[in-house]
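Structure data follow from coords_4.cif (mmCIF, C-alpha atoms and all ligand atoms):
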data_data
#
loop_
_atom_site.label_atom_id
_atom_site.label_comp_id
_atom_site.auth_asym_id
_atom_site.auth_seq_id
_atom_site.Cartn_x
_atom_site.Cartn_y
_atom_site.Cartn_z
CA MET A 137 5.45 38.27 -105.01
CA SER A 138 7.24 36.78 -101.98
CA ASP A 139 10.19 38.42 -100.15
CA ARG A 140 12.47 35.63 -101.42
CA LEU A 141 11.71 36.63 -105.03
CA LYS A 142 12.36 40.31 -104.31
CA ASP A 143 16.00 39.46 -103.48
CA ASP A 144 16.52 37.17 -106.45
CA PRO A 145 15.95 39.01 -109.78
CA LEU A 146 16.34 35.87 -111.91
CA ALA A 147 13.79 33.94 -109.86
CA ALA A 148 11.49 36.99 -110.01
CA LEU A 149 11.81 37.08 -113.81
CA ALA A 150 11.04 33.34 -114.02
CA TRP A 151 8.00 33.94 -111.80
CA LEU A 152 6.75 36.66 -114.18
CA VAL A 153 7.25 34.42 -117.25
CA ASP A 154 5.43 31.57 -115.49
CA SER A 155 2.60 34.00 -114.75
CA GLY A 156 2.19 34.67 -118.48
CA ALA A 157 4.21 37.88 -119.00
CA ASP A 158 5.94 37.72 -122.38
CA GLU A 159 6.52 41.37 -123.23
CA THR A 160 7.97 44.46 -121.52
CA ILE A 161 5.75 47.50 -121.75
CA GLY A 162 7.89 50.08 -119.98
CA ASP A 163 11.45 50.79 -118.90
CA ALA A 164 10.71 51.68 -115.28
CA PRO A 165 8.76 49.58 -112.75
CA VAL A 166 5.33 50.95 -111.80
CA ASN A 167 3.80 50.23 -108.41
CA ARG A 168 0.14 50.16 -109.35
CA LEU A 169 -0.86 49.78 -105.73
CA VAL A 170 0.41 53.32 -105.07
CA ALA A 171 -0.63 55.36 -108.12
CA SER A 172 -2.86 54.46 -111.00
CA SER A 173 -2.29 56.14 -114.37
CA ASN A 174 -5.63 54.82 -115.49
CA PRO A 175 -8.31 56.02 -113.06
CA PRO A 176 -11.50 54.03 -113.45
CA LEU A 177 -14.19 55.65 -115.55
CA GLU A 178 -17.88 55.48 -114.75
CA GLY A 179 -17.41 55.02 -111.04
CA GLY A 180 -14.85 52.24 -111.45
CA SER A 181 -17.19 49.72 -113.06
CA LYS A 182 -15.74 47.67 -115.91
CA THR A 183 -18.07 45.71 -118.11
CA ARG A 184 -17.62 43.69 -121.28
CA SER A 185 -19.23 44.41 -124.61
CA VAL A 186 -21.91 42.17 -126.07
CA LEU A 187 -19.35 40.57 -128.36
CA GLY A 188 -16.78 40.06 -125.71
CA GLU A 189 -14.48 41.96 -128.08
CA GLY A 190 -13.23 43.96 -125.15
CA SER A 191 -14.13 46.08 -122.21
CA ALA A 192 -16.88 48.62 -122.63
CA ARG A 193 -14.87 51.41 -120.97
CA SER A 194 -15.22 54.06 -123.58
CA ALA A 195 -13.65 57.36 -124.52
CA VAL A 196 -17.14 58.70 -125.13
CA PRO A 197 -17.35 62.37 -124.21
CA PRO A 198 -19.47 62.81 -121.03
CA ALA A 199 -22.00 64.82 -123.05
CA PHE A 200 -22.94 61.63 -124.92
CA LYS A 201 -23.44 59.58 -121.77
CA PRO A 202 -26.78 59.23 -120.02
CA ALA A 203 -26.97 61.54 -117.01
CA SER A 204 -27.40 58.55 -114.71
CA SER A 205 -23.88 57.29 -115.49
CA PHE A 206 -22.18 60.55 -114.50
CA VAL A 207 -20.00 60.21 -111.42
CA PRO A 208 -18.17 63.29 -110.08
CA PRO A 209 -14.41 62.86 -110.61
CA ARG A 210 -12.31 62.03 -107.56
CA PRO A 211 -9.32 64.30 -106.84
CA ALA A 212 -6.30 62.79 -108.60
CA ALA A 213 -3.15 61.75 -106.75
CA PRO A 214 -0.12 63.87 -107.82
CA ALA A 215 1.50 61.01 -109.80
CA ALA A 216 -1.73 60.35 -111.70
CA LEU A 217 -2.09 64.06 -112.41
CA ALA A 218 1.41 64.21 -113.96
CA LEU A 219 0.58 61.30 -116.23
CA GLU A 220 -2.70 62.83 -117.30
CA THR A 221 -0.90 66.08 -118.16
CA ASN A 222 1.55 64.16 -120.37
CA GLU A 223 -1.33 62.37 -122.03
CA SER A 224 -3.20 65.57 -122.79
CA ASP A 225 0.06 67.09 -124.13
CA SER A 226 0.37 64.08 -126.45
CA ILE A 227 -3.23 64.43 -127.60
CA GLY A 228 -2.58 68.15 -128.28
CA THR A 229 0.57 67.28 -130.25
CA ALA A 230 -1.36 64.64 -132.22
CA GLN A 231 -4.06 67.22 -133.06
CA THR A 232 -1.48 69.78 -134.23
CA LEU A 233 0.47 67.27 -136.33
CA ALA A 234 -2.65 65.77 -137.87
CA ALA A 235 -4.16 69.16 -138.74
CA ALA A 236 -0.94 70.25 -140.46
CA ALA A 237 -0.91 67.24 -142.81
CA THR A 238 -2.32 68.16 -146.22
CA THR A 239 -1.70 64.82 -147.96
CA LEU A 240 -1.78 61.16 -146.96
CA ALA A 241 2.00 61.00 -147.33
CA GLU A 242 2.37 63.92 -144.90
CA LEU A 243 -0.06 62.31 -142.47
CA LYS A 244 1.88 59.03 -142.57
CA ALA A 245 5.16 60.89 -141.98
CA ALA A 246 3.55 62.82 -139.09
CA LEU A 247 2.42 59.55 -137.45
CA GLU A 248 5.84 58.02 -137.91
CA GLY A 249 7.40 61.03 -136.22
CA PHE A 250 4.90 61.08 -133.32
CA ASP A 251 6.25 59.57 -130.11
CA GLY A 252 3.36 60.43 -127.77
CA CYS A 253 1.83 56.95 -127.76
CA ALA A 254 3.78 54.48 -125.61
CA LEU A 255 2.60 51.53 -127.73
CA LYS A 256 4.99 52.61 -130.49
CA LYS A 257 8.06 51.75 -128.41
CA ASN A 258 7.35 48.03 -128.63
CA CYS A 259 6.32 47.93 -132.28
CA ALA A 260 8.31 47.16 -135.40
CA HIS A 261 6.12 49.35 -137.62
CA THR A 262 3.66 52.22 -137.64
CA VAL A 263 0.76 50.60 -139.53
CA PHE A 264 -0.84 53.31 -141.67
CA ALA A 265 -3.14 51.88 -144.35
CA ASP A 266 -3.52 49.58 -147.32
CA GLY A 267 -5.62 49.59 -150.44
CA ASN A 268 -6.47 52.29 -152.93
CA PRO A 269 -6.23 55.81 -151.43
CA LEU A 270 -8.46 57.05 -154.26
CA SER A 271 -11.21 54.64 -153.26
CA ARG A 272 -14.46 56.13 -151.92
CA ILE A 273 -15.00 53.01 -149.74
CA MET A 274 -13.12 53.09 -146.44
CA PHE A 275 -12.89 50.20 -143.94
CA ILE A 276 -11.67 50.97 -140.42
CA GLY A 277 -10.59 48.21 -138.03
CA GLU A 278 -9.29 48.24 -134.49
CA ALA A 279 -5.50 47.90 -134.29
CA PRO A 280 -2.66 45.96 -135.88
CA GLY A 281 -1.94 42.45 -134.63
CA ALA A 282 1.38 40.61 -134.63
CA GLU A 283 1.47 39.94 -138.39
CA GLU A 284 0.39 43.48 -139.23
CA ASP A 285 3.18 44.82 -136.99
CA ARG A 286 5.69 42.56 -138.77
CA GLN A 287 4.61 43.59 -142.27
CA GLY A 288 3.59 47.19 -141.55
CA LEU A 289 0.20 46.72 -143.26
CA PRO A 290 -3.33 46.43 -141.84
CA PHE A 291 -5.31 43.17 -141.99
CA VAL A 292 -2.66 40.81 -143.34
CA GLY A 293 -3.01 38.10 -140.66
CA ARG A 294 -5.80 35.53 -140.21
CA ALA A 295 -8.51 38.15 -139.72
CA GLY A 296 -7.18 39.96 -142.79
CA LYS A 297 -7.55 36.82 -144.92
CA LEU A 298 -11.21 36.66 -143.87
CA LEU A 299 -11.62 40.38 -144.57
CA ASP A 300 -10.28 39.78 -148.09
CA LYS A 301 -12.96 37.08 -148.57
CA MET A 302 -15.63 39.42 -147.23
CA LEU A 303 -14.52 42.10 -149.69
CA ALA A 304 -14.45 39.60 -152.56
CA ALA A 305 -18.03 38.57 -151.72
CA ILE A 306 -19.15 42.07 -152.75
CA GLU A 307 -16.71 42.41 -155.65
CA LEU A 308 -14.18 44.51 -153.74
CA ASP A 309 -10.48 44.06 -153.11
CA ARG A 310 -7.51 46.15 -152.09
CA THR A 311 -7.44 47.93 -155.43
CA SER A 312 -11.00 49.19 -155.02
CA ALA A 313 -11.24 49.69 -151.22
CA TYR A 314 -9.11 51.49 -148.63
CA ILE A 315 -8.30 49.99 -145.22
CA THR A 316 -6.96 51.45 -141.97
CA ASN A 317 -7.34 51.07 -138.19
CA VAL A 318 -8.21 53.24 -135.20
CA LEU A 319 -4.77 52.50 -133.74
CA ASN A 320 -1.56 52.58 -135.73
CA TRP A 321 0.45 50.48 -133.28
CA ARG A 322 -0.16 47.01 -131.91
CA PRO A 323 -1.30 46.87 -128.27
CA PRO A 324 0.60 44.15 -126.37
CA GLN A 325 -1.20 40.78 -126.39
CA ASN A 326 -3.72 42.35 -128.81
CA ARG A 327 -5.57 43.79 -125.81
CA ASP A 328 -8.22 46.47 -126.34
CA PRO A 329 -6.77 49.95 -126.77
CA SER A 330 -7.08 52.07 -123.64
CA PRO A 331 -9.18 55.24 -123.95
CA GLU A 332 -5.94 57.27 -123.71
CA GLU A 333 -4.26 55.34 -126.55
CA ALA A 334 -7.32 55.72 -128.73
CA ALA A 335 -7.54 59.43 -127.91
CA MET A 336 -3.95 59.91 -129.12
CA CYS A 337 -4.60 58.13 -132.43
CA LEU A 338 -8.04 59.62 -133.11
CA PRO A 339 -6.83 63.03 -134.37
CA PHE A 340 -4.78 61.17 -136.99
CA LEU A 341 -7.71 58.93 -137.92
CA ARG A 342 -10.11 61.87 -138.23
CA ARG A 343 -7.64 63.68 -140.53
CA HIS A 344 -7.13 60.39 -142.40
CA ILE A 345 -10.86 60.26 -143.11
CA GLU A 346 -10.87 63.92 -144.26
CA LEU A 347 -7.98 63.35 -146.65
CA VAL A 348 -9.40 60.13 -148.14
CA ASN A 349 -12.85 61.74 -148.41
CA PRO A 350 -14.73 58.42 -148.60
CA GLY A 351 -18.28 58.07 -149.90
CA ILE A 352 -19.00 55.44 -147.22
CA ILE A 353 -17.22 54.14 -144.12
CA ILE A 354 -17.51 50.60 -142.75
CA LEU A 355 -16.41 50.15 -139.14
CA LEU A 356 -15.09 46.69 -138.34
CA GLY A 357 -16.01 45.69 -134.80
CA ALA A 358 -16.99 47.19 -131.49
CA VAL A 359 -13.78 49.13 -130.85
CA ALA A 360 -13.86 50.99 -134.17
CA ALA A 361 -17.58 51.70 -133.74
CA ARG A 362 -17.07 53.00 -130.21
CA HIS A 363 -14.18 55.33 -131.00
CA VAL A 364 -15.27 56.63 -134.41
CA LEU A 365 -18.94 57.13 -133.57
CA GLY A 366 -18.46 57.91 -129.88
CA PHE A 367 -21.26 55.51 -128.93
CA SER A 368 -20.92 53.05 -126.08
CA GLU A 369 -23.82 50.95 -127.43
CA GLY A 370 -22.93 47.27 -128.03
CA ILE A 371 -21.95 46.26 -131.56
CA MET A 372 -24.90 43.87 -131.82
CA LYS A 373 -27.25 46.86 -131.47
CA LEU A 374 -25.19 49.16 -133.70
CA ARG A 375 -24.30 46.82 -136.56
CA GLY A 376 -26.19 46.91 -139.82
CA ARG A 377 -27.55 50.45 -139.34
CA TRP A 378 -26.62 53.34 -141.60
CA LEU A 379 -25.53 56.28 -139.48
CA GLU A 380 -23.70 59.48 -140.44
CA TYR A 381 -20.16 60.68 -139.87
CA ARG A 382 -19.72 64.41 -140.31
CA VAL A 383 -16.74 66.02 -142.06
CA GLY A 384 -17.38 69.78 -142.22
CA ASP A 385 -20.74 70.14 -143.96
CA VAL A 386 -20.60 66.68 -145.49
CA MET A 387 -22.37 63.69 -143.93
CA ILE A 388 -20.75 60.39 -144.83
CA PRO A 389 -22.90 57.23 -144.49
CA VAL A 390 -21.24 54.92 -141.95
CA MET A 391 -22.13 51.38 -140.92
CA ALA A 392 -20.62 49.19 -138.20
CA THR A 393 -20.36 45.46 -138.77
CA LEU A 394 -18.78 42.49 -137.02
CA HIS A 395 -15.00 42.27 -136.90
CA PRO A 396 -13.49 39.42 -138.97
CA ALA A 397 -11.49 38.24 -135.92
CA TYR A 398 -14.78 37.91 -134.03
CA LEU A 399 -16.29 35.99 -136.96
CA LEU A 400 -13.37 33.55 -136.82
CA ARG A 401 -14.33 32.85 -133.21
CA GLN A 402 -18.12 32.90 -133.83
CA PRO A 403 -18.65 31.60 -137.40
CA SER A 404 -22.39 31.25 -136.76
CA HIS A 405 -22.58 35.06 -136.84
CA LYS A 406 -21.23 35.25 -140.39
CA LYS A 407 -24.82 35.44 -141.60
CA LEU A 408 -25.20 38.79 -139.81
CA ALA A 409 -22.00 40.09 -141.41
CA TRP A 410 -23.25 38.87 -144.79
CA ARG A 411 -26.41 40.95 -144.37
CA ASP A 412 -24.27 44.01 -143.61
CA LEU A 413 -22.10 43.31 -146.64
CA GLN A 414 -25.14 43.08 -148.88
CA ALA A 415 -26.36 46.44 -147.53
CA THR A 416 -22.88 47.85 -148.17
CA GLU A 417 -22.89 46.62 -151.76
CA LYS A 418 -26.32 48.14 -152.32
CA LYS A 419 -25.12 51.49 -150.99
CA ILE A 420 -21.95 51.38 -153.12
CA LEU A 421 -24.06 50.75 -156.22
CA SER A 422 -26.68 53.36 -155.40
CA LEU A 423 -23.99 56.03 -154.80
CA GLY A 424 -21.95 54.94 -157.83
CA LEU A 425 -18.83 54.72 -155.65
CA LEU A 426 -16.91 52.24 -157.80
CA GLU A 427 -17.30 54.41 -160.88
CA LYS A 428 -16.09 57.41 -158.86
CA THR A 429 -12.95 55.50 -157.82
CA ALA A 430 -12.29 54.48 -161.42
CA SER A 431 -12.73 58.01 -162.73
CA VAL A 432 -10.08 59.52 -160.44
CA ARG A 433 -7.59 56.66 -160.83
N1 LIG A 501 -7.48 43.45 -136.62
C1 LIG A 501 -7.65 44.77 -136.86
O1 LIG A 501 -8.58 45.36 -136.35
N2 LIG A 501 -6.82 45.37 -137.66
C2 LIG A 501 -5.81 44.76 -138.25
O2 LIG A 501 -5.07 45.41 -138.99
C3 LIG A 501 -5.65 43.39 -138.00
C4 LIG A 501 -6.49 42.74 -137.19
#
Now that the file is in, can you turn its structure into structure tokens?
Ligand code: URA
Amino acid sequence: MSDRLKDDPLAALAWLVDSGADETIGDAPVNRLVASSNPPLEGGSKTRSVLGEGSARSAVPPAFKPASSFVPPRPAAPAALALETNESDSIGTAQTLAAAATTLAELKAALEGFDGCALKKNCAHTVFADGNPLSRIMFIGEAPGAEEDRQGLPFVGRAGKLLDKMLAAIELDRTSAYITNVLNWRPPQNRDPSPEEAAMCLPFLRRHIELVNPGIIILLGAVAARHVLGFSEGIMKLRGRWLEYRVGDVMIPVMATLHPAYLLRQPSHKKLAWRDLQATEKKILSLGLLEKTASVR
């Protein structure tokens, strides 16, 4: 920004709008040239996932990463250190709140009362879930978009309409399936969640899974697969494979598939999603999951 703009706040604002800024994401200005709250992971490299659904920077614990990708951490600048401390406080608070919730209603109330995630400030709603909480079939997406934030429900925009068609193709709907997201608040411009934002929401999601006690989990897209499974593998390699998600002693079959928003951009890949849906239907039938939903209704 030129010196002239620094002295003229209105012209500076117009310059920002012209540059594409259409949302405020904080109350105080941040000089990112001085201190970064988001130190680069994996030696500062930033790559994109196979699907282009977002950056492949992951919140994968170092123990899961190949030894060759380990880079010793650089000493943090004091400002960055303060931010990291706040973030780990928020993650600790999220863990405590989530663990204390013994019902879905309590978990929803805990999320609505949690102010540790900065995304919430710019959102109209905390988007919790939709569908049948007694269902044994759980779908997990990435994060609410604009329409979801307006209505306070997951998957009610364009991608949600396609998800409804995908469910209908295997005889499911929102009375027989349960739907939530990794994030409960919309990231500005629908950008990928940062590892810190995901880390703050994950304790709630993990408790959400425990309370719903699904018989299978379907992860919609690369971001859900990365954060729920902790794998940084691309979605094209992960999709269509039955893996396991552990809750206590119980192993829940989990499969990642392509995100409906991605399928809207790449309709030629719908055939891959269809294969995954057929495998899902087969699993639902073999485990008798629809009957189990009906019997507890
Ligand atoms: N995309 C998601 O991942 N979740 C939603 O709720 C909507 C769009």
Given 6 Å of margin on each side, can you work out the centre and size in Å (one decimal) of an axis-aligned box holding every listed atom of ligand LIG 501 (chain A), as JSON?
{"center_x": -6.8, "center_y": 44.1, "center_z": -137.7, "size_x": 15.5, "size_y": 14.7, "size_z": 14.6}
### Task
May I ask which of the residues A:Ala245, A:Val263, A:Ala295, A:Leu408 is the closest one to Leu319 in chain A, counting all atoms listed in the file?
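Closest to Leu319 in chain A of all the choices is A:Val263.
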| message | At a cut-off of 12 Å and counting all atoms listed in the file, what residues surround ligand LIG 501 (chain A)? Please answer as a VMD selection string. | response | chain A and resid 189 261 to 266 275 to 300 315 to 323 326 to 329 355 to 361 394 to 400
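If you count only C-alpha atoms and ignore residues fewer than 5 places along the chain from Ile227 in chain A, what sits within 8 Å of it is Gly252, Ala335, Met336 and Pro339 of chain A.
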For His344 in chain A: contacts at 9 Å, only C-alpha atoms, fewer than 5 positions along chain excluded, given as an NGL selection string: :A and (234 or 239-240 or 243 or 316 or 339 or 349)
Practice prompt. In Å, rounded to a single decimal, give me how far CA of Arg272 in chain A is from CA of Asp412 in chain A.
Written response: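 That distance, rounded to one decimal, is 17.7 Å.
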Next on the checklist: For a test of reading the model, state the distance in Å between CA of Ala392 in chain A and CA of Ser312 in chain A, rounded to one decimal.
Outcome noted: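 Computing it gives 19.4 Å between the two atoms.
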One decimal place gives the CA of Asn258 in chain A-CA of Glu333 in chain A separation as 13.9 Å
Long-range neighbours of Leu365 in chain A as a PyMOL selection string, 9 Å cut-off, all atoms listed in the file, 6 positions minimum in chain
chain A and resi 196+379-381+390
Could you write out that same residue set with C-alpha atoms as a short mmCIF file (atom, residue, chain, number, x, y, z; two decimals), keeping the file's coordinate frame?
data_model
loop_
_atom_site.label_atom_id
_atom_site.label_comp_id
_atom_site.auth_asym_id
_atom_site.auth_seq_id
_atom_site.Cartn_x
_atom_site.Cartn_y
_atom_site.Cartn_z
CA VAL A 196 -17.14 58.70 -125.13
CA LEU A 379 -25.53 56.28 -139.48
CA GLU A 380 -23.70 59.48 -140.44
CA TYR A 381 -20.16 60.68 -139.87
CA VAL A 390 -21.24 54.92 -141.95
#
